[in-house]
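Visitor: I'd like to ask you about the structure that follows.
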Amino acid sequence: MKELIVILSAATMLVGVLFADASLTVDPVSDSDFKVISSDGTSLWLLDDIDSALAKFHLTSEGIWEHPSNPRLNAFEYSNNDIGLVIYRVWETISVITLKSNAFHLNRGVRVGDSAETIYEKFPEGEILLIRGGLLLIYSSGSEGYYRPSITFEIRDGIIAKITLRSPYD
């Protein structure tokens with residue numbers, strides 16, 4: 001129990017140090033935040049049609065994630081060195097976008113390789129979770145009732161290592 005309190009205290013202090021001088025004048029996460037833009041200006045949205053994405057980017061099929069009890073929830077993964085996409089059989093639209101390099105950025109300009117302070121400058125405070133070797137900052141859109149897409153920033157050594165945009169599938 002004592003170790004958990006120490007970890008939570010350290011995480012709280014780290015957030016205070018990382019984001020001490022930032023102000024919260026940024027709008028909350030909205031639908032426009034679920035757009036990614038490549039370095040050549042090509043855009044991609046969460047819930048875009050997969051055929052459109054495959055035509056825009058050179059992606060390789062990485063296989064199928066089979067759902068144990070509902071084949072309609074089988075997921076197909078496509079990726080390259082810069083981006084990964086997941087679609088569920090039942091929807092045929094992009095349900096997950098993972099940015100793996102700085103070749104893409106979010107609509108607010110945040111990209112992999114930026115400092116953690118960049119997130120706080122562009123987004124309001126999010127939910128913070130500790131992971132092995134780093135932090136996760138999670139932002140959810142609450143404006144759409146039950147539909148709550150999210151953006152997750154994986155931070156390692158104060159730098160954004162991965163950005164994941166996710167649409168709930170239930």
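As shown in the structure tokens, the chain order sets the letters A, B, ...; within each chain, residues go from 1, and ligands are also counted from 1 in the order they appear.
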Within 10 Å of segment 67-83 of chain A, counting only C-alpha atoms, which residues show up once you throw out same-chain ones fewer than 5 positions away? Write them as JSON, numbers by chain, please.

Guide: {"A": [38, 50, 53, 54, 57, 58, 59, 60, 61, 62, 88, 89, 90, 91, 92, 94, 95, 96, 97, 98, 99, 100, 101, 102, 103, 104, 112, 162, 163, 164, 169, 170]}

Visitor: Neighbours of segment 148-153 of chain A within 7 Å (only C-alpha atoms; same-chain residues fewer than 2 positions away dropped), as a list in words?

Guide: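 Once the adjacent positions are removed, what remains is Leu136, Leu137, Ile138, Tyr139, Ser140, Ser141, Gly142, Glu144, Tyr146, Ile155, Ile160, Lys162, Ile163, Thr164, Leu165, Arg166, Ser167 and Pro168 of chain A.
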
Visitor: Which one is closest to Ser32 of chain A: A:Gly133, A:Leu106, A:Asp48, A:Phe123? Count only C-alpha atoms.

Guide: A:Leu106

Visitor: DSSP says strand (DSSP E or B) for which residues of segment 30-84 of chain A? Put them as number ranges by chain?

Guide: A: 35-38, 43-45, 49, 60-65, 75-79, 83-84

Visitor: Expressed in Å to a single decimal, how great is the separation between atom CA of His105 of chain A and atom CA of Ala55 of chain A?

Guide: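 Value for the atom CA of His105 of chain A-atom CA of Ala55 of chain A distance: 19.2 Å.
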
Visitor: Taking into account only C-alpha atoms, which residue in the set A:Val86, A:Pro124, A:Gly63, A:Arg156 is nearest to Leu47 of chain A?

Guide: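 Among A:Val86, A:Pro124, A:Gly63, A:Arg156, it is A:Val86 that comes nearest to Leu47 of chain A.
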
Visitor: For each of A:Gly134, A:Glu127, A:Ala161, A:Leu44, take the minimum atom-to-atom distance to Gly113 of chain A, counting only C-alpha atoms, then give the residue where this is smallest.

Guide: A:Ala161
